[in-house]
Amino acid sequence: MNLRIYLVMIISISAACENQDVRIPAIIPKPNHIQILKGKFDFNVSRTIYYNQPVLQESARLLVSLLGNHGLSFEMIEAQLPKDKERGIYLTLAEVGTLADNTHRILIHQKRIEVAASSIKDLKYGLQTI
């Protein structure tokens, strides 16, 4: 009897360990373009979220909350975005005509992430992607 249980367990474990088709989850909404470059952004080094308009404060708070759910703590700073950007995450509303309506753009560099959008709603979609 014990041998029979042992064999059933071995067969079950073997079946569960078979090479199964692993699917990468889709990003929703689907990006129009993805370009992968060398390097990576380190969330453990860059702990500041910059935004340059008071209307973006709520979006910055949303990102602090989303990242906090993953054990990461960030501070928020409202400031004009410097030309030589420091490490961190930058939230901006795109100037009229630079992005199509209902779109956002995420640029990930080694030292910073830039999220720009045509509206607050689209900025929140970009933050969810991060």
# chains A, B, ... in the order shown; residues from 1 in each chain; ligands from 1
>>> residues_around(residues="region 39-48 of chain A", least_positions_apart="2", cutoff="9 Å", atoms="only C-alpha atoms", output="list of chain:residue names")
A:Leu37, A:Tyr50, A:Leu72, A:Ser73, A:Phe74, A:Glu75, A:Met76, A:Ile77, A:Glu86, A:Arg87, A:Gly88, A:Ile89, A:Tyr90, A:Ile108, A:His109, A:Gln110, A:Lys111, A:Arg112, A:Ile113
>>> select_by_dssp(residues="region 43-127 of chain A", states="strand (DSSP E)", output="VMD selection string")
chain A and resid 48 to 51 75 to 78 88 to 93 104 to 108 112 to 117
>>> closest_residue(among="A:Leu107, A:Leu123, A:Leu67, A:Ala117", to="Glu95 (chain A)", atoms="only C-alpha atoms")
A:Ala117
>>> residues_around(residues="Tyr125 (chain A)", least_positions_apart="3", cutoff="9 Å", atoms="only C-alpha atoms", output="JSON, numbers by chain")
{"A": [29, 103, 104, 120, 121, 122, 128, 129]}
